[in-house]
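Coordinates from start.cif are shown below (mmCIF, C-alpha atoms).
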data_target
loop_
_atom_site.label_atom_id
_atom_site.label_comp_id
_atom_site.auth_asym_id
_atom_site.auth_seq_id
_atom_site.Cartn_x
_atom_site.Cartn_y
_atom_site.Cartn_z
CA MET A 1 -19.61 -42.20 -12.49
CA PRO A 2 -17.71 -38.86 -12.34
CA ASN A 3 -15.99 -37.90 -15.52
CA PRO A 4 -12.33 -38.78 -16.01
CA ARG A 5 -11.18 -35.17 -16.35
CA GLU A 6 -12.60 -34.35 -12.94
CA ILE A 7 -10.79 -37.34 -11.41
CA ARG A 8 -7.49 -36.43 -13.07
CA ARG A 9 -7.72 -32.97 -11.56
CA ARG A 10 -8.23 -34.40 -8.09
CA ILE A 11 -5.31 -36.79 -8.48
CA ARG A 12 -3.07 -33.86 -9.39
CA GLY A 13 -4.33 -31.89 -6.40
CA VAL A 14 -3.82 -34.72 -3.92
CA SER A 15 -0.37 -35.60 -5.17
CA ASN A 16 0.71 -31.95 -4.98
CA MET A 17 -0.42 -31.92 -1.38
CA SER A 18 1.45 -35.12 -0.65
CA GLN A 19 4.63 -33.51 -1.94
CA ILE A 20 4.17 -30.70 0.55
CA THR A 21 3.45 -33.02 3.46
CA ARG A 22 6.44 -35.15 2.53
CA ALA A 23 8.70 -32.09 2.54
CA MET A 24 7.30 -31.02 5.90
CA GLU A 25 7.85 -34.50 7.26
CA MET A 26 11.50 -34.39 6.32
CA VAL A 27 12.06 -30.92 7.72
CA ALA A 28 10.35 -31.92 10.96
CA ALA A 29 12.44 -35.10 11.15
CA SER A 30 15.73 -33.23 10.97
CA LYS A 31 14.61 -30.54 13.43
CA MET A 32 13.31 -33.23 15.73
CA ARG A 33 16.69 -34.91 15.89
CA ARG A 34 18.38 -31.71 16.93
CA ALA A 35 15.65 -30.87 19.42
CA GLN A 36 16.00 -34.30 21.00
CA GLU A 37 19.73 -33.79 21.36
CA ARG A 38 19.12 -30.52 23.15
CA VAL A 39 16.72 -32.21 25.55
CA THR A 40 19.41 -34.73 26.44
CA SER A 41 22.27 -32.27 26.65
CA GLY A 42 20.44 -30.16 29.22
CA ARG A 43 19.70 -33.11 31.46
CA PRO A 44 23.01 -33.46 33.34
CA TYR A 45 22.68 -29.95 34.73
CA ALA A 46 19.09 -30.50 35.83
CA ASP A 47 19.97 -33.85 37.42
CA ARG A 48 22.97 -32.42 39.24
CA LEU A 49 21.04 -29.44 40.49
CA ARG A 50 18.28 -31.71 41.72
CA ALA A 51 20.83 -33.86 43.51
CA VAL A 52 22.49 -30.89 45.20
CA LEU A 53 19.11 -29.51 46.20
CA GLY A 54 18.11 -32.90 47.54
CA ASP A 55 21.28 -33.07 49.65
CA LEU A 56 20.68 -29.58 50.92
CA ALA A 57 17.03 -30.23 51.63
CA SER A 58 17.91 -33.10 53.94
CA LEU A 59 20.06 -30.72 55.95
CA GLN A 60 17.45 -27.99 56.13
CA LEU A 61 14.79 -29.20 58.46
CA ASP A 62 14.43 -26.37 60.94
CA PRO A 63 11.11 -24.56 60.22
CA GLU A 64 12.57 -21.34 61.51
CA GLN A 65 15.26 -21.49 58.87
CA LEU A 66 12.80 -22.57 56.22
CA ARG A 67 10.89 -19.36 56.63
CA GLU A 68 13.78 -17.54 55.09
CA PHE A 69 13.23 -19.35 51.81
CA PRO A 70 9.78 -18.34 50.67
CA LEU A 71 10.17 -20.36 47.47
CA LEU A 72 9.98 -23.51 49.59
CA ALA A 73 7.16 -22.34 51.83
CA GLU A 74 3.86 -24.09 51.38
CA ARG A 75 0.82 -22.01 52.19
CA GLU A 76 -2.89 -22.42 51.83
CA VAL A 77 -3.77 -22.05 48.17
CA HIS A 78 -6.41 -19.43 47.47
CA LYS A 79 -5.34 -18.81 43.93
CA SER A 80 -2.93 -20.54 41.61
CA ALA A 81 -1.16 -19.74 38.38
CA LEU A 82 -0.93 -22.02 35.38
CA LEU A 83 2.21 -21.90 33.32
CA LEU A 84 1.08 -23.40 30.05
CA ILE A 85 3.77 -24.32 27.56
CA THR A 86 2.67 -25.10 24.01
CA PRO A 87 4.22 -24.90 20.55
CA ASP A 88 3.67 -21.77 18.50
CA ARG A 89 2.32 -23.66 15.52
CA GLY A 90 -0.03 -26.46 14.62
CA LEU A 91 -0.02 -29.17 11.93
CA SER A 92 1.18 -31.52 14.61
CA GLY A 93 -1.62 -34.00 14.99
CA ALA A 94 -3.40 -34.12 18.30
CA LEU A 95 -0.52 -32.55 20.26
CA ASN A 96 -2.12 -29.15 20.83
CA ALA A 97 -5.60 -30.53 21.30
CA ASN A 98 -4.37 -32.89 24.00
CA LEU A 99 -2.48 -30.13 25.77
CA LEU A 100 -5.39 -27.74 25.70
CA ARG A 101 -7.73 -30.45 26.90
CA ARG A 102 -5.37 -31.10 29.80
CA ALA A 103 -5.25 -27.37 30.56
CA THR A 104 -9.04 -27.07 30.42
CA HIS A 105 -9.35 -29.98 32.80
CA TYR A 106 -6.94 -28.27 35.15
CA LEU A 107 -8.88 -25.00 35.01
CA ARG A 108 -12.22 -26.69 35.59
CA GLU A 109 -11.39 -29.40 38.07
CA GLU A 110 -7.98 -29.09 39.61
CA ALA A 111 -7.23 -25.40 40.01
CA PRO A 112 -7.39 -24.68 43.71
CA GLY A 113 -9.33 -21.58 44.71
CA GLY A 114 -10.45 -18.84 42.36
CA GLU A 115 -9.79 -18.20 38.72
CA PRO A 116 -6.14 -19.00 38.04
CA GLU A 117 -3.69 -16.63 36.45
CA ILE A 118 -2.28 -17.83 33.14
CA ILE A 119 1.31 -17.51 32.07
CA ALA A 120 1.40 -18.58 28.44
CA VAL A 121 4.49 -19.78 26.63
CA GLY A 122 3.74 -20.45 22.97
CA LYS A 123 1.12 -19.03 20.66
CA ARG A 124 -1.28 -21.94 20.66
CA GLY A 125 -1.83 -21.84 24.39
CA ARG A 126 -1.98 -18.08 24.50
CA ASP A 127 -4.58 -17.87 21.74
CA PHE A 128 -6.68 -20.54 23.38
CA MET A 129 -6.57 -18.82 26.75
CA LEU A 130 -7.45 -15.44 25.27
CA ARG A 131 -10.28 -16.97 23.28
CA THR A 132 -11.75 -18.61 26.35
CA ARG A 133 -11.32 -15.33 28.27
CA GLN A 134 -8.90 -16.54 30.88
CA HIS A 135 -6.80 -14.16 32.90
CA VAL A 136 -3.51 -14.13 31.00
CA VAL A 137 -0.92 -12.21 33.02
CA ALA A 138 2.09 -12.82 30.80
CA GLU A 139 2.85 -14.33 27.44
CA PHE A 140 6.07 -15.46 25.82
CA ILE A 141 5.78 -16.38 22.19
CA GLN A 142 8.10 -17.25 19.37
CA LEU A 143 11.00 -18.39 21.49
CA GLY A 144 12.13 -20.36 18.46
CA ASP A 145 13.55 -23.83 18.05
CA ARG A 146 16.67 -23.15 20.02
CA PRO A 147 15.71 -21.24 23.13
CA SER A 148 18.64 -20.42 25.42
CA LEU A 149 18.45 -20.39 29.18
CA ASP A 150 18.57 -16.60 28.96
CA ASP A 151 15.35 -16.64 26.95
CA ILE A 152 13.64 -18.61 29.69
CA ARG A 153 14.80 -16.59 32.69
CA PRO A 154 12.06 -13.95 32.28
CA VAL A 155 9.43 -16.71 32.33
CA ALA A 156 10.78 -18.01 35.61
CA GLN A 157 11.00 -14.46 36.91
CA VAL A 158 7.31 -13.81 36.26
CA ALA A 159 6.34 -17.04 38.01
CA ILE A 160 8.57 -16.25 41.00
CA ASP A 161 7.38 -12.64 41.21
CA GLU A 162 3.72 -13.60 41.18
CA PHE A 163 4.36 -16.17 43.87
CA LEU A 164 6.50 -13.98 46.11
CA ALA A 165 4.15 -11.01 45.79
CA GLY A 166 1.40 -13.26 47.12
CA ARG A 167 -0.80 -12.86 44.06
CA VAL A 168 -0.79 -16.62 43.70
CA ASP A 169 -0.05 -19.32 46.26
CA ALA A 170 1.07 -22.02 43.85
CA VAL A 171 2.36 -22.21 40.30
CA HIS A 172 1.62 -25.28 38.20
CA MET A 173 3.04 -26.04 34.81
CA ILE A 174 1.52 -28.02 31.94
CA TYR A 175 3.75 -28.98 29.05
CA PRO A 176 4.03 -31.79 26.50
CA GLN A 177 6.55 -34.20 27.97
CA PHE A 178 8.65 -35.79 25.29
CA VAL A 179 8.53 -39.53 25.91
CA ASN A 180 9.57 -40.72 22.47
CA THR A 181 8.87 -39.94 18.84
CA LEU A 182 5.43 -41.49 18.97
CA THR A 183 4.42 -40.43 22.45
CA GLN A 184 4.12 -36.99 23.95
CA ARG A 185 2.26 -36.76 27.19
CA PRO A 186 0.74 -33.60 28.68
CA GLU A 187 2.30 -33.33 32.11
CA LEU A 188 1.29 -31.29 35.11
CA VAL A 189 3.99 -30.39 37.61
CA GLN A 190 4.12 -28.05 40.54
CA ILE A 191 6.78 -25.38 40.10
CA LEU A 192 6.14 -23.31 43.20
CA PRO A 193 6.39 -23.76 46.05
CA ILE A 194 9.35 -25.93 45.18
CA GLU A 195 8.81 -29.56 46.06
CA ARG A 196 12.06 -30.68 47.48
CA PRO A 197 13.57 -33.67 45.74
CA GLU A 198 14.72 -36.65 47.73
CA GLY A 199 18.29 -36.40 48.92
CA SER A 200 20.75 -39.20 48.31
CA GLY A 201 20.19 -40.13 51.93
CA GLU A 202 23.86 -39.79 52.56
CA ARG A 203 24.57 -37.07 55.06
CA MET A 204 27.47 -34.95 53.96
CA ASP A 205 29.12 -32.40 56.17
CA TYR A 206 29.44 -29.76 53.57
CA ILE A 207 31.42 -26.61 53.98
CA PHE A 208 29.26 -23.81 52.63
CA GLU A 209 30.67 -20.71 51.10
CA PRO A 210 29.67 -17.98 51.76
CA ASP A 211 27.09 -19.83 53.91
CA GLU A 212 24.23 -22.29 53.76
CA LYS A 213 21.60 -19.62 53.26
CA ALA A 214 23.33 -17.97 50.35
CA VAL A 215 23.87 -21.30 48.62
CA LEU A 216 20.30 -22.51 49.03
CA GLY A 217 19.02 -19.04 48.11
CA GLY A 218 21.07 -19.23 44.92
CA ILE A 219 20.01 -22.74 43.98
CA LEU A 220 16.26 -22.32 44.38
CA PRO A 221 15.54 -19.81 41.61
CA ARG A 222 17.88 -21.68 39.28
CA TYR A 223 15.98 -24.86 39.98
CA VAL A 224 12.78 -23.15 38.90
CA GLU A 225 14.51 -21.86 35.77
CA ILE A 226 15.92 -25.20 34.76
CA GLN A 227 12.61 -26.98 35.24
CA ILE A 228 10.92 -24.51 32.93
CA TYR A 229 13.82 -24.61 30.48
CA GLN A 230 13.68 -28.39 30.27
CA ALA A 231 9.92 -28.22 29.73
CA VAL A 232 10.40 -25.77 26.87
CA LEU A 233 13.01 -28.03 25.27
CA ASP A 234 10.61 -30.96 25.67
CA THR A 235 7.94 -28.90 23.96
CA VAL A 236 10.13 -28.22 20.94
CA ALA A 237 11.07 -31.89 20.64
CA SER A 238 7.47 -32.98 21.13
CA PHE A 239 6.26 -30.55 18.52
CA TYR A 240 8.60 -31.73 15.78
CA SER A 241 8.01 -35.38 16.63
CA ALA A 242 4.26 -34.92 16.49
CA GLN A 243 4.54 -32.93 13.30
CA MET A 244 6.75 -35.52 11.65
CA VAL A 245 4.32 -38.31 12.51
CA ALA A 246 1.30 -36.26 11.44
CA MET A 247 2.90 -35.38 8.13
CA ARG A 248 3.93 -38.96 7.51
CA ASN A 249 0.33 -40.05 8.06
CA ALA A 250 -0.87 -37.31 5.74
CA THR A 251 1.56 -38.44 3.05
CA ASP A 252 0.47 -42.06 3.44
CA ASN A 253 -3.19 -41.08 3.26
CA ALA A 254 -2.56 -39.03 0.17
CA LYS A 255 -0.90 -42.00 -1.48
CA GLU A 256 -3.86 -44.20 -0.65
CA LEU A 257 -6.21 -41.57 -1.99
CA VAL A 258 -4.25 -41.33 -5.24
CA ASP A 259 -4.45 -45.13 -5.61
CA ASP A 260 -8.22 -45.11 -5.06
CA LEU A 261 -8.66 -42.26 -7.46
CA SER A 262 -6.54 -43.94 -10.13
CA LEU A 263 -8.75 -46.98 -9.84
CA SER A 264 -11.90 -44.91 -10.29
CA LEU A 265 -10.22 -43.06 -13.13
CA ASN A 266 -9.51 -46.30 -14.97
CA LYS A 267 -13.00 -47.55 -14.33
CA ALA A 268 -14.49 -44.31 -15.55
CA ARG A 269 -12.29 -44.35 -18.62
CA GLN A 270 -13.23 -47.92 -19.41
CA ALA A 271 -16.89 -47.14 -18.87
CA GLN A 272 -16.57 -44.24 -21.26
CA ILE A 273 -14.90 -46.38 -23.90
CA THR A 274 -17.48 -49.13 -23.50
CA ASN A 275 -20.14 -46.52 -23.80
CA GLU A 276 -18.62 -45.13 -26.99
CA VAL A 277 -18.19 -48.55 -28.51
CA ALA A 278 -21.82 -49.37 -27.67
CA GLU A 279 -22.96 -46.15 -29.25
CA ILE A 280 -20.90 -46.68 -32.39
CA SER A 281 -22.06 -50.24 -32.83
CA ALA A 282 -25.64 -49.16 -32.13
CA GLY A 283 -25.23 -46.46 -34.79
CA ALA A 284 -23.72 -48.94 -37.23
CA ASN A 285 -26.56 -51.35 -36.52
CA ALA A 286 -29.09 -48.70 -37.31
CA PHE A 287 -27.69 -48.29 -40.83
CA ARG A 288 -27.39 -51.99 -41.46
CA VAL A 289 -29.74 -53.06 -44.15
CA ASP A 290 -30.79 -56.58 -43.67
CA MET B 291 47.91 -40.97 42.89
CA ALA B 292 44.46 -39.71 43.71
CA SER B 293 42.78 -37.55 41.14
CA LEU B 294 39.61 -35.55 40.73
CA THR B 295 36.65 -36.17 38.48
CA VAL B 296 35.56 -32.86 37.09
CA GLU B 297 32.35 -32.05 35.32
CA ILE B 298 31.38 -28.57 34.21
CA VAL B 299 27.79 -28.28 33.05
CA THR B 300 25.49 -25.46 32.12
CA GLY B 301 21.76 -25.64 31.57
CA GLU B 302 22.44 -26.07 27.89
CA ARG B 303 25.36 -28.47 27.62
CA VAL B 304 28.25 -30.27 29.23
CA VAL B 305 31.22 -27.96 28.79
CA TYR B 306 33.98 -30.11 30.23
CA ARG B 307 34.39 -33.57 31.66
CA ALA B 308 37.51 -35.40 32.73
CA ASP B 309 38.37 -37.88 35.44
CA ASP B 310 42.10 -37.56 35.99
CA VAL B 311 42.44 -33.97 37.07
CA SER B 312 45.07 -33.06 39.64
CA MET B 313 43.87 -29.60 40.59
CA VAL B 314 41.00 -27.18 40.04
CA VAL B 315 41.23 -23.47 40.74
CA ALA B 316 37.79 -21.87 40.76
CA PRO B 317 36.51 -18.35 41.35
CA GLY B 318 34.47 -18.83 44.53
CA ALA B 319 32.14 -16.17 45.87
CA ASP B 320 34.47 -15.63 48.84
CA GLY B 321 37.70 -15.75 46.91
CA THR B 322 39.60 -18.20 44.80
CA LEU B 323 39.18 -21.86 45.68
CA GLY B 324 41.97 -24.32 45.08
CA ILE B 325 40.77 -27.90 45.03
CA LEU B 326 43.09 -30.87 45.28
CA PRO B 327 42.21 -34.54 45.70
CA HIS B 328 40.80 -35.43 49.14
CA HIS B 329 39.26 -32.03 49.54
CA ALA B 330 36.54 -31.78 52.17
CA ALA B 331 32.92 -31.75 50.98
CA LEU B 332 32.09 -28.26 49.87
CA ILE B 333 29.35 -26.33 48.19
CA SER B 334 30.15 -22.80 47.16
CA LEU B 335 28.67 -20.10 45.03
CA LEU B 336 30.82 -19.03 42.12
CA SER B 337 31.46 -15.51 40.96
CA TYR B 338 32.61 -14.44 37.52
CA GLY B 339 36.13 -15.42 36.66
CA GLU B 340 38.70 -17.78 35.34
CA LEU B 341 38.63 -21.46 36.16
CA ARG B 342 41.83 -23.42 35.74
CA ILE B 343 42.12 -27.16 35.49
CA LYS B 344 45.43 -28.98 35.84
CA ARG B 345 45.50 -32.33 34.22
CA GLY B 346 48.48 -34.43 33.22
CA GLY B 347 50.96 -31.57 33.62
CA GLN B 348 48.94 -29.29 31.42
CA GLU B 349 46.62 -26.52 32.36
CA GLU B 350 43.39 -25.55 30.69
CA SER B 351 41.57 -22.29 31.22
CA LEU B 352 37.86 -21.70 31.17
CA VAL B 353 35.69 -18.78 32.09
CA VAL B 354 32.64 -19.25 34.30
CA PHE B 355 29.94 -16.74 35.09
CA GLY B 356 28.15 -17.55 38.31
CA GLY B 357 26.70 -20.80 39.53
CA PHE B 358 27.89 -23.38 42.04
CA ILE B 359 30.66 -25.77 42.72
CA GLU B 360 30.08 -28.95 44.65
CA VAL B 361 32.94 -31.08 45.87
CA ALA B 362 32.31 -34.50 47.40
CA HIS B 363 34.44 -37.66 47.35
CA ASP B 364 36.85 -36.22 44.77
CA ASN B 365 33.96 -35.42 42.47
CA VAL B 366 33.92 -31.81 41.42
CA VAL B 367 30.68 -30.71 39.83
CA ILE B 368 30.45 -27.19 38.54
CA LEU B 369 26.96 -25.98 37.74
CA ALA B 370 27.68 -22.80 35.88
CA ASP B 371 25.14 -20.25 34.73
CA SER B 372 27.38 -19.89 31.73
CA ALA B 373 30.83 -21.29 30.91
CA GLU B 374 33.22 -21.40 28.00
CA ARG B 375 36.56 -22.95 27.33
CA ALA B 376 39.29 -20.41 26.63
CA THR B 377 39.58 -21.84 23.14
CA GLU B 378 35.91 -21.05 22.53
CA ILE B 379 36.15 -17.38 23.42
CA ASP B 380 35.35 -15.04 20.59
CA LEU B 381 37.72 -12.12 21.23
CA GLU B 382 36.07 -9.82 18.72
CA ARG B 383 32.68 -10.35 20.23
CA ALA B 384 34.05 -9.77 23.72
CA GLU B 385 35.72 -6.56 22.52
CA ASP B 386 32.43 -5.37 21.01
CA ALA B 387 30.59 -6.24 24.19
CA ARG B 388 33.10 -4.30 26.27
CA HIS B 389 32.77 -1.32 23.99
CA ARG B 390 28.98 -1.42 24.17
CA ALA B 391 29.01 -1.73 27.94
CA GLU B 392 31.44 1.17 28.32
CA THR B 393 29.33 3.36 26.07
CA ALA B 394 26.23 2.47 28.06
CA LEU B 395 27.97 3.31 31.31
CA SER B 396 29.36 6.60 30.05
CA GLN B 397 25.87 7.79 29.23
CA ARG B 398 25.10 7.81 32.96
CA ARG B 399 21.49 6.88 32.68
CA GLU B 400 19.22 7.10 35.71
CA ASP B 401 17.85 3.62 35.20
CA THR B 402 19.67 1.48 37.77
CA GLN B 403 18.68 -1.74 36.09
CA SER B 404 20.53 -0.91 32.90
CA ILE B 405 23.58 0.31 34.84
CA VAL B 406 23.76 -2.97 36.71
CA GLU B 407 23.38 -4.90 33.48
CA ALA B 408 26.04 -2.87 31.74
CA GLU B 409 28.45 -3.35 34.63
CA ALA B 410 27.88 -7.09 34.58
CA ALA B 411 28.39 -7.16 30.82
CA LEU B 412 31.60 -5.17 31.23
CA ARG B 413 32.92 -7.61 33.81
CA ARG B 414 32.11 -10.58 31.61
CA ALA B 415 33.76 -8.98 28.60
CA ALA B 416 36.86 -8.07 30.61
CA ILE B 417 37.27 -11.63 31.91
CA ARG B 418 36.78 -13.13 28.46
CA LEU B 419 39.35 -10.77 27.01
CA ARG B 420 41.88 -11.43 29.75
CA VAL B 421 41.60 -15.20 29.56
CA GLY B 422 41.24 -15.27 25.79
CA ARG B 423 44.23 -13.00 25.14
CA ARG B 424 46.58 -14.88 27.40
CA ARG B 425 45.84 -17.98 25.41
CA ARG B 426 46.57 -16.13 22.17
CA GLY B 427 49.76 -14.61 23.61
CA GLY B 428 51.18 -18.09 24.10
CA HIS B 429 51.92 -17.22 27.68
CA GLY B 430 51.58 -19.94 30.30
CA ALA B 431 51.22 -23.65 29.78
CA PRO B 432 50.77 -24.93 26.25
CA GLN B 433 47.18 -25.64 25.35
CA PRO B 434 46.21 -29.28 25.19
CA VAL B 435 45.04 -30.13 21.72
CA THR B 436 41.99 -31.82 23.02
CA ASN B 437 40.57 -32.56 26.39
CA GLU B 438 37.66 -34.69 25.45
CA PRO B 439 37.09 -37.61 27.78
#
Give the structure from the file, written as structure tokens.
Amino acid sequence: MPNPREIRRRIRGVSNMSQITRAMEMVAASKMRRAQERVTSGRPYADRLRAVLGDLASLQLDPEQLREFPLLAEREVHKSALLLITPDRGLSGALNANLLRRATHYLREEAPGGEPEIIAVGKRGRDFMLRTRQHVVAEFIQLGDRPSLDDIRPVAQVAIDEFLAGRVDAVHMIYPQFVNTLTQRPELVQILPIERPEGSGERMDYIFEPDEKAVLGGILPRYVEIQIYQAVLDTVASFYSAQMVAMRNATDNAKELVDDLSLSLNKARQAQITNEVAEISAGANAFRVD
Amino acid sequence: MASLTVEIVTGERVVYRADDVSMVVAPGADGTLGILPHHAALISLLSYGELRIKRGGQEESLVVFGGFIEVAHDNVVILADSAERATEIDLERAEDARHRAETALSQRREDTQSIVEAEAALRRAAIRLRVGRRRRGGHGAPQPVTNEP
């Protein structure tokens, strides 16, 4: 039976920790709400852009014309790039581990051709890739909780440059898709070449200004940007959700631990008292003169 | 009477949405576009400039910086790279930005990239100032108090 003073010290330690995890839980909860709002407020643009691109794609079927839009052009993949989006920080349960496992699986099994280039967004992914000696060509860290589209444009630019320069033949992205507060799923999507979304099926005779080429040429890079931007927003929302849940679990565990420890403390204290009483009565007995 | 449904969105938020608009005047890449109900289907690039929306006898001004406009079946969707309502323009910030851009340009650096950026910044600042000041000056149509849908 450990002594009561030892147990008291542990109870104090555990309950101090639970105060910290509770505070972190509440901070994460409020940041999560805002991050979720940002995910939703960016969606209309992405949906609209996808719809316009879909409508355009159904018009553009001539392979000759397609050649003028290298971002759409599929080619044999000798080498790919992985755009890995992770949070900068941990203390978020299994979120990072799941993402990195997904990325490792991609590198080992799915990456077409030779060793892929890595474009890392977020510290966790970058550190992991450097530690495992991958070929990191660009890194973007500490974009913060409220990244703007302007913050993301350079990321898209690197991906587009690598693709257009022919250094890679495809760009894939892995990011934690925000499903809901309890679920974040590592998702793999192809960024380049752009997979054309389905059109509405309705053929519209659009007037294009200045012309079809200029419009499609303008939409394509923005489509890449917005896909990455949405993924980054998802990452922020996923991170705070995962952190909130992890911290809530930690707080609950701490409470359970404190309960267990209090029980042992009481037992130990009672044992001590019983012991003392036994000793005193034994002592008294020894002096008794019958 | 037929009317237009107008939605102005950027990657970050929905800037404007209304469904009883009588006319939209947008800064197209090939010149100003005036859009009335029953307009033919159109997709155009946008340049930097002022976007005016007429709705219920009142006119609201916005600034847009690049992007697209799509018109189909009296739905006008503006996918702007960046957009602000005139009432949201921060004149002081725009003035600062203009000053910075002018200073950068007057230094005549060799670096073309920074010249291009400074020129773009100057254009944005000038448009913000023009649109923002006219609103302050009380010139033109009175500003609607709110245009929320």
Checklist line | Which residue of B:Leu336, B:Val315, B:Leu294, B:Leu326 approaches chain A most closely, using all atoms listed in the file | finding: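 Smallest separation from chain A among the options: B:Leu336.
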Checklist line | Residue contacts of range 341-355 of chain B (9 Å, all atoms listed in the file) excluding same-chain residues fewer than 6 positions away, as an NGL selection string | finding: :B and (296 or 308 or 310-317 or 370-379 or 414 or 417-418 or 421-422 or 425 or 430-434 or 437)
Check: Tyr45 in chain A: which residues within 8 Å, counting all atoms listed in the file, same-chain residues fewer than 6 positions away excluded, as a ChimeraX atom specification?
Finding: /B:299-304,369
Check: Which of these, A:Ala159, A:Val189, A:Leu220, A:Val179, has the shortest distance to Leu56 in chain A once you count all atoms listed in the file?
Finding: A:Leu220
Checklist line | Test item: the PyMOL selection byres ((chain B) within 12 of (chain A)) resolved as a PyMOL selection string | finding: chain B and resi 297-307+317-323+329-337+356-363+365-372
Next item on the list: Name the residues captured by the PyMOL selection byres ((chain A and resi 127-129) around 12) when it is applied to the shown file; answer as number ranges by chain.
Entry: A: 82-89, 96-97, 99-101, 103-104, 107, 116-126, 130-141
Write a file of the selected residues as a CSV table (one decimal), in the coordinates of the input, keeping C-alpha atoms.
chain,number,residue,atom,x,y,z
A,82,LEU,CA,-0.9,-22.0,35.4
A,83,LEU,CA,2.2,-21.9,33.3
A,84,LEU,CA,1.1,-23.4,30.0
A,85,ILE,CA,3.8,-24.3,27.6
A,86,THR,CA,2.7,-25.1,24.0
A,87,PRO,CA,4.2,-24.9,20.6
A,88,ASP,CA,3.7,-21.8,18.5
A,89,ARG,CA,2.3,-23.7,15.5
A,96,ASN,CA,-2.1,-29.2,20.8
A,97,ALA,CA,-5.6,-30.5,21.3
A,99,LEU,CA,-2.5,-30.1,25.8
A,100,LEU,CA,-5.4,-27.7,25.7
A,101,ARG,CA,-7.7,-30.4,26.9
A,103,ALA,CA,-5.2,-27.4,30.6
A,104,THR,CA,-9.0,-27.1,30.4
A,107,LEU,CA,-8.9,-25.0,35.0
A,116,PRO,CA,-6.1,-19.0,38.0
A,117,GLU,CA,-3.7,-16.6,36.4
A,118,ILE,CA,-2.3,-17.8,33.1
A,119,ILE,CA,1.3,-17.5,32.1
A,120,ALA,CA,1.4,-18.6,28.4
A,121,VAL,CA,4.5,-19.8,26.6
A,122,GLY,CA,3.7,-20.4,23.0
A,123,LYS,CA,1.1,-19.0,20.7
A,124,ARG,CA,-1.3,-21.9,20.7
A,125,GLY,CA,-1.8,-21.8,24.4
A,126,ARG,CA,-2.0,-18.1,24.5
A,130,LEU,CA,-7.4,-15.4,25.3
A,131,ARG,CA,-10.3,-17.0,23.3
A,132,THR,CA,-11.8,-18.6,26.4
A,133,ARG,CA,-11.3,-15.3,28.3
A,134,GLN,CA,-8.9,-16.5,30.9
A,135,HIS,CA,-6.8,-14.2,32.9
A,136,VAL,CA,-3.5,-14.1,31.0
A,137,VAL,CA,-0.9,-12.2,33.0
A,138,ALA,CA,2.1,-12.8,30.8
A,139,GLU,CA,2.8,-14.3,27.4
A,140,PHE,CA,6.1,-15.5,25.8
A,141,ILE,CA,5.8,-16.4,22.2
Item checked: Residues matched by the PyMOL selection byres ((chain A and resi 240) around 7), written as a PyMOL selection string -> chain A and resi 28-29+31-32+236-239+241-244
Box time for range 125-130 of chain A: axis-aligned, enclosing all its listed atoms, 4 Å extra on each side; report centre and edge lengths in Å to one decimal, as lines of an AutoDock Vina configuration file.
center_x = -4.6
center_y = -18.6
center_z = 24.2
size_x = 13.6
size_y = 14.4
size_z = 13.0
Next item on the list: Skip Leu261 in chain A itself and residues of its chain fewer than 2 positions away, then list as number ranges by chain all residues within 9 Å of it, counting all atoms listed in the file.
Entry: A: 7-8, 10-11, 256-259, 263-266
Checklist line | Å distance separating CA of Asp145 in chain A from CA of Ala35 in chain A, one decimal place | finding: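 These atoms are spaced 7.5 Å apart.
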Next item on the list: State, in Å with one decimal place, the distance from CA of Glu195 in chain A to CA of Asn98 in chain A.
Entry: 25.9 Å
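The residue set within 12 Å of Ile405 in chain B, counting all atoms listed in the file and dropping same-chain residues fewer than 3 places from it, reads Ala391, Glu392, Thr393, Ala394, Leu395, Ser396, Gln397, Arg398, Arg399, Glu400, Asp401, Thr402, Ala408, Glu409, Ala410, Ala411 and Leu412 of chain B.
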Notebook entry, point to check: Hey, can you check how far CA of Glu68 in chain A sits from CA of Met173 in chain A?
Noted result: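 Spanning CA of Glu68 in chain A to CA of Met173 in chain A is a straight-line distance of 24.5 Å.
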Checklist line | Polymer residues at most 9 Å from Gln272 in chain A, only C-alpha atoms, same-chain spacing of 5 or more positions, as a list of chain:residue names | finding: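 With the cut-off at 9 Å, the set is A:Asn3, A:Pro4, A:Lys267, A:Val277.
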